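**Q** I'm passing along upload.cif; it holds mmCIF, N, CA and C atoms.
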data_coords
loop_
_atom_site.label_atom_id
_atom_site.label_comp_id
_atom_site.auth_asym_id
_atom_site.auth_seq_id
_atom_site.Cartn_x
_atom_site.Cartn_y
_atom_site.Cartn_z
N MET A 1441 0.84 -1.17 0.00
CA MET A 1441 0.00 0.00 0.00
C MET A 1441 0.89 1.25 0.00
N THR A 1442 0.53 2.23 -0.75
CA THR A 1442 1.27 3.48 -0.84
C THR A 1442 1.44 4.10 0.54
N ALA A 1443 2.61 4.70 0.76
CA ALA A 1443 2.89 5.41 2.01
C ALA A 1443 3.41 6.80 1.67
N TYR A 1444 3.30 7.68 2.62
CA TYR A 1444 3.69 9.07 2.40
C TYR A 1444 4.60 9.56 3.51
N ALA A 1445 5.54 10.39 3.13
CA ALA A 1445 6.31 11.18 4.09
C ALA A 1445 5.77 12.59 3.97
N ILE A 1446 5.39 13.15 5.10
CA ILE A 1446 4.79 14.48 5.12
C ILE A 1446 5.66 15.38 5.98
N GLY A 1447 6.00 16.51 5.43
CA GLY A 1447 6.78 17.50 6.17
C GLY A 1447 5.99 18.79 6.30
N LEU A 1448 5.86 19.25 7.53
CA LEU A 1448 5.27 20.56 7.80
C LEU A 1448 6.43 21.45 8.20
N LEU A 1449 6.76 22.39 7.35
CA LEU A 1449 7.96 23.20 7.52
C LEU A 1449 7.63 24.66 7.79
N HIS A 1450 8.51 25.29 8.55
CA HIS A 1450 8.36 26.71 8.88
C HIS A 1450 9.65 27.44 8.52
N PRO A 1451 9.91 27.58 7.21
CA PRO A 1451 11.15 28.27 6.80
C PRO A 1451 11.08 29.76 7.09
N GLN A 1452 12.22 30.29 7.46
CA GLN A 1452 12.33 31.73 7.71
C GLN A 1452 13.41 32.28 6.78
N PRO A 1453 13.07 33.23 5.92
CA PRO A 1453 14.09 33.81 5.04
C PRO A 1453 15.06 34.67 5.85
N PRO A 1454 16.27 34.82 5.40
CA PRO A 1454 16.82 34.16 4.21
C PRO A 1454 17.19 32.72 4.53
N LEU A 1455 17.02 31.84 3.57
CA LEU A 1455 17.36 30.42 3.77
C LEU A 1455 18.87 30.24 3.80
N HIS A 1456 19.31 29.40 4.70
CA HIS A 1456 20.73 29.07 4.81
C HIS A 1456 21.13 28.26 3.58
N ASP A 1457 22.38 28.39 3.16
CA ASP A 1457 22.86 27.66 1.99
C ASP A 1457 22.71 26.15 2.15
N ASP A 1458 22.80 25.63 3.38
CA ASP A 1458 22.61 24.18 3.61
C ASP A 1458 21.25 23.71 3.11
N VAL A 1459 20.24 24.55 3.21
CA VAL A 1459 18.89 24.18 2.76
C VAL A 1459 18.89 23.96 1.25
N PHE A 1460 19.60 24.79 0.53
CA PHE A 1460 19.68 24.61 -0.92
C PHE A 1460 20.43 23.33 -1.28
N VAL A 1461 21.48 23.02 -0.54
CA VAL A 1461 22.22 21.77 -0.77
C VAL A 1461 21.31 20.59 -0.49
N TYR A 1462 20.56 20.64 0.61
CA TYR A 1462 19.59 19.59 0.95
C TYR A 1462 18.61 19.39 -0.21
N MET A 1463 18.07 20.49 -0.72
CA MET A 1463 17.10 20.39 -1.82
C MET A 1463 17.73 19.78 -3.07
N GLU A 1464 18.99 20.10 -3.31
CA GLU A 1464 19.68 19.56 -4.48
C GLU A 1464 20.00 18.08 -4.33
N ARG A 1465 20.06 17.59 -3.10
CA ARG A 1465 20.47 16.21 -2.86
C ARG A 1465 19.34 15.25 -2.51
N ILE A 1466 18.18 15.74 -2.09
CA ILE A 1466 17.15 14.85 -1.56
C ILE A 1466 16.62 13.85 -2.60
N GLN A 1467 16.42 14.27 -3.84
CA GLN A 1467 15.86 13.35 -4.83
C GLN A 1467 16.73 12.10 -5.00
N ALA A 1468 18.02 12.27 -5.00
CA ALA A 1468 18.93 11.11 -5.14
C ALA A 1468 18.78 10.15 -3.97
N THR A 1469 18.39 10.65 -2.79
CA THR A 1469 18.18 9.74 -1.65
C THR A 1469 16.87 8.98 -1.79
N MET A 1470 15.90 9.55 -2.50
CA MET A 1470 14.58 8.93 -2.66
C MET A 1470 14.54 7.91 -3.78
N ASP A 1471 15.31 8.15 -4.83
CA ASP A 1471 15.23 7.32 -6.03
C ASP A 1471 15.38 5.82 -5.77
N PRO A 1472 16.34 5.36 -4.94
CA PRO A 1472 16.47 3.92 -4.73
C PRO A 1472 15.26 3.28 -4.05
N PHE A 1473 14.40 4.09 -3.46
CA PHE A 1473 13.24 3.58 -2.73
C PHE A 1473 11.92 3.87 -3.44
N GLY A 1474 11.99 4.36 -4.68
CA GLY A 1474 10.79 4.63 -5.46
C GLY A 1474 10.03 5.85 -4.99
N GLY A 1475 10.72 6.78 -4.33
CA GLY A 1475 10.06 7.97 -3.82
C GLY A 1475 9.90 9.05 -4.86
N ARG A 1476 8.82 9.83 -4.73
CA ARG A 1476 8.61 10.96 -5.63
C ARG A 1476 7.86 12.05 -4.88
N PHE A 1477 8.05 13.28 -5.32
CA PHE A 1477 7.36 14.40 -4.71
C PHE A 1477 5.91 14.47 -5.20
N ILE A 1478 4.99 14.66 -4.27
CA ILE A 1478 3.60 14.94 -4.59
C ILE A 1478 3.40 16.46 -4.55
N THR A 1479 3.95 17.09 -3.53
CA THR A 1479 4.00 18.54 -3.43
C THR A 1479 5.30 18.90 -2.73
N HIS A 1480 5.86 20.05 -3.06
CA HIS A 1480 7.18 20.40 -2.53
C HIS A 1480 7.22 21.87 -2.14
N GLY A 1481 7.11 22.12 -0.84
CA GLY A 1481 7.25 23.47 -0.32
C GLY A 1481 6.10 24.40 -0.64
N LYS A 1482 4.94 23.83 -0.90
CA LYS A 1482 3.77 24.65 -1.23
C LYS A 1482 3.12 25.18 0.05
N VAL A 1483 2.62 26.39 -0.02
CA VAL A 1483 1.87 26.98 1.08
C VAL A 1483 0.42 26.57 0.91
N PRO A 1484 -0.14 25.87 1.92
CA PRO A 1484 -1.51 25.37 1.75
C PRO A 1484 -2.56 26.45 1.94
N GLU A 1485 -3.70 26.21 1.37
CA GLU A 1485 -4.88 27.03 1.62
C GLU A 1485 -5.57 26.43 2.85
N VAL A 1486 -5.41 27.05 3.99
CA VAL A 1486 -5.89 26.50 5.26
C VAL A 1486 -7.36 26.85 5.44
N HIS A 1487 -8.19 25.82 5.68
CA HIS A 1487 -9.63 26.01 5.87
C HIS A 1487 -10.06 25.82 7.31
N GLU A 1488 -9.31 25.06 8.09
CA GLU A 1488 -9.63 24.83 9.50
C GLU A 1488 -8.33 24.84 10.28
N GLY A 1489 -8.35 25.42 11.44
CA GLY A 1489 -7.15 25.49 12.26
C GLY A 1489 -6.21 26.57 11.75
N ALA A 1490 -4.96 26.47 12.19
CA ALA A 1490 -3.97 27.48 11.81
C ALA A 1490 -2.67 26.78 11.42
N PHE A 1491 -2.12 27.21 10.32
CA PHE A 1491 -0.82 26.71 9.87
C PHE A 1491 -0.21 27.79 8.99
N ASP A 1492 1.02 28.17 9.31
CA ASP A 1492 1.64 29.26 8.57
C ASP A 1492 2.95 28.84 7.92
N GLY A 1493 3.04 27.59 7.54
CA GLY A 1493 4.26 27.09 6.93
C GLY A 1493 4.05 26.57 5.53
N ALA A 1494 4.94 25.67 5.16
CA ALA A 1494 4.90 25.04 3.84
C ALA A 1494 4.76 23.54 4.02
N VAL A 1495 4.25 22.86 3.01
CA VAL A 1495 4.00 21.43 3.07
C VAL A 1495 4.81 20.72 1.99
N VAL A 1496 5.41 19.60 2.39
CA VAL A 1496 6.08 18.70 1.46
C VAL A 1496 5.44 17.33 1.63
N ILE A 1497 5.04 16.70 0.54
CA ILE A 1497 4.51 15.34 0.59
C ILE A 1497 5.28 14.50 -0.42
N LEU A 1498 5.85 13.41 0.09
CA LEU A 1498 6.57 12.45 -0.74
C LEU A 1498 5.76 11.16 -0.77
N GLU A 1499 5.76 10.49 -1.90
CA GLU A 1499 5.04 9.22 -2.04
C GLU A 1499 6.04 8.10 -2.23
N PHE A 1500 5.80 6.98 -1.56
CA PHE A 1500 6.61 5.77 -1.69
C PHE A 1500 5.70 4.59 -1.98
N PRO A 1501 6.21 3.56 -2.62
CA PRO A 1501 5.36 2.41 -2.95
C PRO A 1501 4.73 1.74 -1.72
N ASP A 1502 5.42 1.77 -0.56
CA ASP A 1502 4.89 1.16 0.65
C ASP A 1502 5.65 1.71 1.86
N MET A 1503 5.14 1.38 3.05
CA MET A 1503 5.72 1.90 4.27
C MET A 1503 7.15 1.38 4.50
N ASP A 1504 7.41 0.14 4.12
CA ASP A 1504 8.76 -0.40 4.29
C ASP A 1504 9.78 0.44 3.52
N ARG A 1505 9.44 0.84 2.30
CA ARG A 1505 10.38 1.65 1.52
C ARG A 1505 10.45 3.08 2.03
N ALA A 1506 9.35 3.61 2.55
CA ALA A 1506 9.39 4.94 3.15
C ALA A 1506 10.31 4.95 4.36
N ARG A 1507 10.17 3.92 5.22
CA ARG A 1507 11.05 3.82 6.39
C ARG A 1507 12.50 3.62 5.98
N ALA A 1508 12.71 2.74 4.99
CA ALA A 1508 14.08 2.47 4.53
C ALA A 1508 14.72 3.74 3.98
N TRP A 1509 13.95 4.56 3.25
CA TRP A 1509 14.48 5.83 2.76
C TRP A 1509 14.86 6.73 3.93
N TYR A 1510 13.92 6.92 4.88
CA TYR A 1510 14.19 7.84 5.99
C TYR A 1510 15.40 7.38 6.80
N ASP A 1511 15.54 6.10 7.00
CA ASP A 1511 16.64 5.55 7.80
C ASP A 1511 17.93 5.36 7.02
N SER A 1512 17.89 5.57 5.70
CA SER A 1512 19.07 5.32 4.87
C SER A 1512 20.22 6.25 5.24
N PRO A 1513 21.45 5.76 5.15
CA PRO A 1513 22.60 6.63 5.42
C PRO A 1513 22.61 7.88 4.55
N ALA A 1514 22.19 7.75 3.30
CA ALA A 1514 22.20 8.91 2.39
C ALA A 1514 21.25 10.00 2.88
N TYR A 1515 20.06 9.62 3.34
CA TYR A 1515 19.13 10.64 3.82
C TYR A 1515 19.54 11.15 5.20
N GLN A 1516 19.95 10.25 6.08
CA GLN A 1516 20.39 10.68 7.41
C GLN A 1516 21.53 11.70 7.33
N GLU A 1517 22.37 11.56 6.32
CA GLU A 1517 23.49 12.49 6.16
C GLU A 1517 23.02 13.92 5.86
N ILE A 1518 21.92 14.06 5.14
CA ILE A 1518 21.50 15.41 4.76
C ILE A 1518 20.43 16.01 5.68
N ILE A 1519 19.85 15.23 6.56
CA ILE A 1519 18.80 15.76 7.45
C ILE A 1519 19.25 17.02 8.17
N PRO A 1520 20.44 17.06 8.77
CA PRO A 1520 20.82 18.29 9.49
C PRO A 1520 20.84 19.54 8.63
N MET A 1521 21.03 19.39 7.33
CA MET A 1521 21.04 20.55 6.44
C MET A 1521 19.69 21.25 6.43
N ARG A 1522 18.62 20.49 6.64
CA ARG A 1522 17.27 21.06 6.74
C ARG A 1522 16.93 21.32 8.20
N ALA A 1523 17.08 20.30 9.03
CA ALA A 1523 16.61 20.37 10.41
C ALA A 1523 17.30 21.45 11.24
N ASP A 1524 18.55 21.74 10.94
CA ASP A 1524 19.26 22.77 11.70
C ASP A 1524 18.82 24.18 11.34
N HIS A 1525 18.07 24.33 10.25
CA HIS A 1525 17.73 25.66 9.77
C HIS A 1525 16.24 25.91 9.55
N ILE A 1526 15.44 24.84 9.52
CA ILE A 1526 14.00 25.00 9.30
C ILE A 1526 13.25 24.17 10.34
N PRO A 1527 12.54 24.81 11.28
CA PRO A 1527 11.71 24.04 12.20
C PRO A 1527 10.70 23.21 11.39
N SER A 1528 10.61 21.92 11.72
CA SER A 1528 9.80 21.02 10.91
C SER A 1528 9.17 19.93 11.75
N VAL A 1529 8.07 19.40 11.25
CA VAL A 1529 7.49 18.15 11.73
C VAL A 1529 7.53 17.22 10.53
N ILE A 1530 8.15 16.06 10.70
CA ILE A 1530 8.26 15.08 9.61
C ILE A 1530 7.59 13.79 10.08
N MET A 1531 6.73 13.24 9.25
CA MET A 1531 6.02 12.01 9.63
C MET A 1531 5.88 11.09 8.42
N LEU A 1532 5.77 9.80 8.72
CA LEU A 1532 5.49 8.78 7.71
C LEU A 1532 4.10 8.23 8.01
N VAL A 1533 3.31 8.03 6.97
CA VAL A 1533 1.95 7.54 7.17
C VAL A 1533 1.54 6.64 6.00
N ASP A 1534 0.84 5.56 6.33
CA ASP A 1534 0.29 4.68 5.30
C ASP A 1534 -0.88 5.36 4.60
N GLY A 1535 -1.01 5.10 3.31
CA GLY A 1535 -2.19 5.52 2.57
C GLY A 1535 -3.30 4.51 2.78
N VAL A 1536 -4.39 4.69 2.09
CA VAL A 1536 -5.49 3.73 2.13
C VAL A 1536 -5.63 3.11 0.74
N GLY A 1537 -6.18 1.92 0.71
CA GLY A 1537 -6.35 1.22 -0.56
C GLY A 1537 -7.51 1.78 -1.36
N ALA A 1538 -7.61 1.33 -2.60
CA ALA A 1538 -8.65 1.82 -3.50
C ALA A 1538 -10.05 1.54 -2.98
N GLY A 1539 -10.22 0.47 -2.21
CA GLY A 1539 -11.55 0.11 -1.70
C GLY A 1539 -11.85 0.68 -0.33
N HIS A 1540 -11.10 1.68 0.10
CA HIS A 1540 -11.33 2.24 1.44
C HIS A 1540 -12.76 2.74 1.58
N ASP A 1541 -13.36 2.41 2.71
CA ASP A 1541 -14.76 2.78 2.97
C ASP A 1541 -14.80 3.51 4.32
N SER A 1542 -14.93 4.83 4.29
CA SER A 1542 -14.91 5.59 5.54
C SER A 1542 -16.13 5.29 6.41
N ALA A 1543 -17.27 4.98 5.79
CA ALA A 1543 -18.46 4.65 6.57
C ALA A 1543 -18.24 3.36 7.36
N ALA A 1544 -17.65 2.36 6.73
CA ALA A 1544 -17.37 1.10 7.41
C ALA A 1544 -16.35 1.30 8.54
N LEU A 1545 -15.33 2.10 8.28
CA LEU A 1545 -14.35 2.39 9.32
C LEU A 1545 -15.01 3.10 10.49
N GLY A 1546 -15.85 4.09 10.21
CA GLY A 1546 -16.56 4.79 11.28
C GLY A 1546 -17.41 3.86 12.10
N ALA A 1547 -18.12 2.95 11.45
CA ALA A 1547 -18.97 1.99 12.16
C ALA A 1547 -18.13 1.06 13.03
N ALA A 1548 -17.00 0.60 12.51
CA ALA A 1548 -16.13 -0.27 13.28
C ALA A 1548 -15.55 0.45 14.49
N LEU A 1549 -15.14 1.70 14.32
CA LEU A 1549 -14.60 2.48 15.44
C LEU A 1549 -15.68 2.75 16.49
N ARG A 1550 -16.90 3.04 16.02
CA ARG A 1550 -18.03 3.25 16.96
C ARG A 1550 -18.28 1.98 17.77
N ALA A 1551 -18.31 0.83 17.10
CA ALA A 1551 -18.54 -0.43 17.79
C ALA A 1551 -17.43 -0.73 18.79
N ALA A 1552 -16.19 -0.49 18.40
CA ALA A 1552 -15.06 -0.75 19.30
C ALA A 1552 -15.12 0.17 20.51
N GLN A 1553 -15.49 1.42 20.31
CA GLN A 1553 -15.57 2.38 21.41
C GLN A 1553 -16.69 2.02 22.38
N ALA A 1554 -17.79 1.46 21.85
CA ALA A 1554 -18.92 1.09 22.68
C ALA A 1554 -18.59 -0.12 23.56
N GLY A 1555 -17.55 -0.85 23.15
CA GLY A 1555 -17.11 -1.97 23.99
C GLY A 1555 -17.75 -3.22 23.58
#
Could you render the structure as C-alpha cells?

**A**
Amino acid sequence: MTAYAIGLLHPQPPLHDDVFVYMERIQATMDPFGGRFITHGKVPEVHEGAFDGAVVILEFPDMDRARAWYDSPAYQEIIPMRADHIPSVIMLVDGVGAGHDSAALGAALRAAQAG
C-alpha cells in the first residue's frame, strides 16, 4: 500500500545555503526507494485550524520503503542541512487502498468504542 512522508515546515528567510544543498540532494536519496514528490514546499490554503508554513509530501510504494528511505545513510546524512535551519514536523503515514470505505471504518470504530 502506498505510504507518504509528510513535512510541515516553517522556513524563515533568508534560507541558509545548507537548505539549498539539501534540496539539491534529496531526490537522489529517494530514487532507490521509489520515492517521488507529490507537493514540494507549497503553502496550503488552510480552511480549518492554523498553519503558517509550507508542506512537502513524498510518495513511496509502501511503508517499508518509506522507512528504509528515511533511515538510509544517504538521507540521514543530509537531514541536518534542513533540520538545523527550518523548524519542521516530519512524519510517515500509510495511505489507504482503492476500496477504502470511511463509513465502514466509522462503524467499526463506533462499535469498538462502545465496547

**Q** Could you pull out the strand (DSSP E or B) residues of chain A, going by DSSP on the backbone, and write them as a PyMOL selection string?

**A** chain A and resi 1443-1449+1476-1482+1494-1500+1528-1534

**Q** Find the spatial neighbours of Gly1475 in chain A, counting all atoms listed in the file, within a cut-off of 6.5 Å - ignore same-chain residues fewer than 6 positions away - and output them as a list in words.

**A**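 After dropping sequence-adjacent residues, the list is Leu1498, Glu1499, Phe1500 and Pro1501 of chain A.
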
**Q** Can you pull out every residue within 10 Å of range 1516-1523 of chain A, counting only C-alpha atoms, but drop anything in the same chain fewer than 6 positions away, and send it as a tab-separated table (two decimals) with N, CA and C atoms, in the frame of the given file?

**A**
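Written output follows (part-v8.tsv):
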chain	number	residue	atom	x	y	z
A	1449	LEU	N	6.76	22.39	7.35
A	1449	LEU	CA	7.96	23.20	7.52
A	1449	LEU	C	7.63	24.66	7.79
A	1451	PRO	N	9.91	27.58	7.21
A	1451	PRO	CA	11.15	28.27	6.80
A	1451	PRO	C	11.08	29.76	7.09
A	1455	LEU	N	17.02	31.84	3.57
A	1455	LEU	CA	17.36	30.42	3.77
A	1455	LEU	C	18.87	30.24	3.80
A	1456	HIS	N	19.31	29.40	4.70
A	1456	HIS	CA	20.73	29.07	4.81
A	1456	HIS	C	21.13	28.26	3.58
A	1457	ASP	N	22.38	28.39	3.16
A	1457	ASP	CA	22.86	27.66	1.99
A	1457	ASP	C	22.71	26.15	2.15
A	1458	ASP	N	22.80	25.63	3.38
A	1458	ASP	CA	22.61	24.18	3.61
A	1458	ASP	C	21.25	23.71	3.11
A	1459	VAL	N	20.24	24.55	3.21
A	1459	VAL	CA	18.89	24.18	2.76
A	1459	VAL	C	18.89	23.96	1.25
A	1460	PHE	N	19.60	24.79	0.53
A	1460	PHE	CA	19.68	24.61	-0.92
A	1460	PHE	C	20.43	23.33	-1.28
A	1461	VAL	N	21.48	23.02	-0.54
A	1461	VAL	CA	22.22	21.77	-0.77
A	1461	VAL	C	21.31	20.59	-0.49
A	1462	TYR	N	20.56	20.64	0.61
A	1462	TYR	CA	19.59	19.59	0.95
A	1462	TYR	C	18.61	19.39	-0.21
A	1463	MET	N	18.07	20.49	-0.72
A	1463	MET	CA	17.10	20.39	-1.82
A	1463	MET	C	17.73	19.78	-3.07
A	1465	ARG	N	20.06	17.59	-3.10
A	1465	ARG	CA	20.47	16.21	-2.86
A	1465	ARG	C	19.34	15.25	-2.51
A	1466	ILE	N	18.18	15.74	-2.09
A	1466	ILE	CA	17.15	14.85	-1.56
A	1466	ILE	C	16.62	13.85	-2.60
A	1469	THR	N	18.39	10.65	-2.79
A	1469	THR	CA	18.18	9.74	-1.65
A	1469	THR	C	16.87	8.98	-1.79
A	1509	TRP	N	13.95	4.56	3.25
A	1509	TRP	CA	14.48	5.83	2.76
A	1509	TRP	C	14.86	6.73	3.93
A	1510	TYR	N	13.92	6.92	4.88
A	1510	TYR	CA	14.19	7.84	5.99
A	1510	TYR	C	15.40	7.38	6.80
A	1529	VAL	N	8.07	19.40	11.25
A	1529	VAL	CA	7.49	18.15	11.73
A	1529	VAL	C	7.53	17.22	10.53
A	1530	ILE	N	8.15	16.06	10.70
A	1530	ILE	CA	8.26	15.08	9.61
A	1530	ILE	C	7.59	13.79	10.08

**Q** As lines of an AutoDock Vina configuration file, please report the centre and edge lengths, rounded to one decimal in Å, of the axis-aligned box that holds all listed atoms of range 1467-1473 of chain A with 6 Å of padding on each of the six sides.

**A**
center_x = 15.4
center_y = 8.8
center_z = -3.8
size_x = 19.0
size_y = 23.0
size_z = 16.4

**Q** Write down as a VMD selection string the residues of range 1502-1546 of chain A whose backbone DSSP state falls under helix (DSSP H, G or I).

**A** chain A and resid 1503 to 1511 1513 to 1523 1542 to 1546

**Q** So how many Å separate atom C of Asp1492 in chain A and CA of Leu1448 in chain A, to one decimal?

**A**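 Pair atom C of Asp1492 in chain A / CA of Leu1448 in chain A returns 8.6 Å.
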
**Q** Exactly which residues make up the result of the PyMOL selection byres ((chain A and resi 1479) around 6.5) on this file, given as a PyMOL selection string?

**A** chain A and resi 1477-1478+1480-1482+1495-1498

**Q** Of the candidates A:Ala1494, A:Ala1544, A:Ala1554, A:Ala1508, which one gets nearest to Pro1527 in chain A if we count only C-alpha atoms?

**A**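 Among the listed residues, the smallest separation from Pro1527 in chain A belongs to A:Ala1494.
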
**Q** What is the CA of Pro1484 in chain A to atom C of Leu1545 in chain A distance in Å?

**A**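 CA of Pro1484 in chain A sits 27.5 Å away from atom C of Leu1545 in chain A.
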
**Q** Between A:Val1536, A:Val1483, A:Ala1551, A:Ala1468, which one has atoms that come closest to Tyr1515 in chain A, using all atoms listed in the file?

**A**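 The closest residue to Tyr1515 in chain A is A:Ala1468.
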
**Q** Calculate how many Å separate CA of Arg1507 in chain A from CA of Ser1528 in chain A, rounding to one decimal.

**A**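 Here the two named atoms are 17.8 Å from each other.
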
**Q** Which neighbours of Val1533 in chain A fall inside 8 Å, counting only C-alpha atoms, when residues of the same chain fewer than 4 positions from it are skipped, and could you give them as a list in words?

**A**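 Neighbouring residues, sequence-local ones excluded: Ala1443, Tyr1444, Ala1445, Ile1446 and Met1503 of chain A.
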
**Q** Some atoms are missing, so please complete range 1476-1485 of chain A with all heavy atoms and return it as a short mmCIF file (atom, residue, chain, number, x, y, z; two decimals), in the frame of the given file.

**A**
data_model
loop_
_atom_site.label_atom_id
_atom_site.label_comp_id
_atom_site.auth_asym_id
_atom_site.auth_seq_id
_atom_site.Cartn_x
_atom_site.Cartn_y
_atom_site.Cartn_z
N ARG A 1476 8.82 9.83 -4.73
CA ARG A 1476 8.61 10.96 -5.63
C ARG A 1476 7.86 12.05 -4.88
O ARG A 1476 7.13 11.77 -3.92
CB ARG A 1476 7.84 10.55 -6.88
CG ARG A 1476 6.39 10.22 -6.65
CD ARG A 1476 5.68 9.80 -7.95
NE ARG A 1476 4.24 9.73 -7.76
CZ ARG A 1476 3.39 10.70 -8.05
NH1 ARG A 1476 3.80 11.83 -8.55
NH2 ARG A 1476 2.09 10.54 -7.85
N PHE A 1477 8.05 13.28 -5.32
CA PHE A 1477 7.36 14.40 -4.71
C PHE A 1477 5.91 14.47 -5.20
O PHE A 1477 5.66 14.38 -6.40
CB PHE A 1477 8.06 15.72 -5.07
CG PHE A 1477 9.30 15.97 -4.27
CD1 PHE A 1477 10.54 15.60 -4.77
CD2 PHE A 1477 9.23 16.57 -3.02
CE1 PHE A 1477 11.69 15.82 -4.03
CE2 PHE A 1477 10.37 16.79 -2.28
CZ PHE A 1477 11.61 16.41 -2.78
N ILE A 1478 4.99 14.66 -4.27
CA ILE A 1478 3.60 14.94 -4.59
C ILE A 1478 3.40 16.46 -4.55
O ILE A 1478 2.76 17.05 -5.40
CB ILE A 1478 2.64 14.25 -3.59
CG1 ILE A 1478 2.82 12.74 -3.64
CG2 ILE A 1478 1.19 14.65 -3.84
CD1 ILE A 1478 2.49 12.12 -4.98
N THR A 1479 3.95 17.09 -3.53
CA THR A 1479 4.00 18.54 -3.43
C THR A 1479 5.30 18.90 -2.73
O THR A 1479 5.81 18.11 -1.93
CB THR A 1479 2.76 19.13 -2.69
OG1 THR A 1479 2.80 20.55 -2.78
CG2 THR A 1479 2.69 18.69 -1.26
N HIS A 1480 5.86 20.05 -3.06
CA HIS A 1480 7.18 20.40 -2.53
C HIS A 1480 7.22 21.87 -2.14
O HIS A 1480 7.30 22.75 -3.00
CB HIS A 1480 8.25 20.11 -3.59
CG HIS A 1480 9.64 20.16 -3.05
ND1 HIS A 1480 10.74 19.96 -3.83
CD2 HIS A 1480 10.11 20.39 -1.79
CE1 HIS A 1480 11.83 20.06 -3.09
NE2 HIS A 1480 11.46 20.33 -1.85
N GLY A 1481 7.11 22.12 -0.84
CA GLY A 1481 7.25 23.47 -0.32
C GLY A 1481 6.10 24.40 -0.64
O GLY A 1481 6.24 25.62 -0.63
N LYS A 1482 4.94 23.83 -0.90
CA LYS A 1482 3.77 24.65 -1.23
C LYS A 1482 3.12 25.18 0.05
O LYS A 1482 3.07 24.51 1.07
CB LYS A 1482 2.74 23.85 -2.01
CG LYS A 1482 3.26 23.30 -3.33
CD LYS A 1482 3.60 24.41 -4.28
CE LYS A 1482 4.04 23.86 -5.62
NZ LYS A 1482 4.34 24.90 -6.57
N VAL A 1483 2.62 26.39 -0.02
CA VAL A 1483 1.87 26.98 1.08
C VAL A 1483 0.42 26.57 0.91
O VAL A 1483 -0.19 26.86 -0.12
CB VAL A 1483 2.03 28.52 1.09
CG1 VAL A 1483 1.16 29.14 2.17
CG2 VAL A 1483 3.50 28.90 1.28
N PRO A 1484 -0.14 25.87 1.92
CA PRO A 1484 -1.51 25.37 1.75
C PRO A 1484 -2.56 26.45 1.94
O PRO A 1484 -2.32 27.47 2.58
CB PRO A 1484 -1.62 24.32 2.87
CG PRO A 1484 -0.71 24.82 3.93
CD PRO A 1484 0.45 25.47 3.20
N GLU A 1485 -3.70 26.21 1.37
CA GLU A 1485 -4.88 27.03 1.62
C GLU A 1485 -5.57 26.43 2.85
O GLU A 1485 -6.19 25.37 2.76
CB GLU A 1485 -5.80 26.96 0.40
CG GLU A 1485 -7.01 27.83 0.50
CD GLU A 1485 -7.84 27.77 -0.78
OE1 GLU A 1485 -7.30 28.06 -1.87
OE2 GLU A 1485 -9.04 27.44 -0.66
#
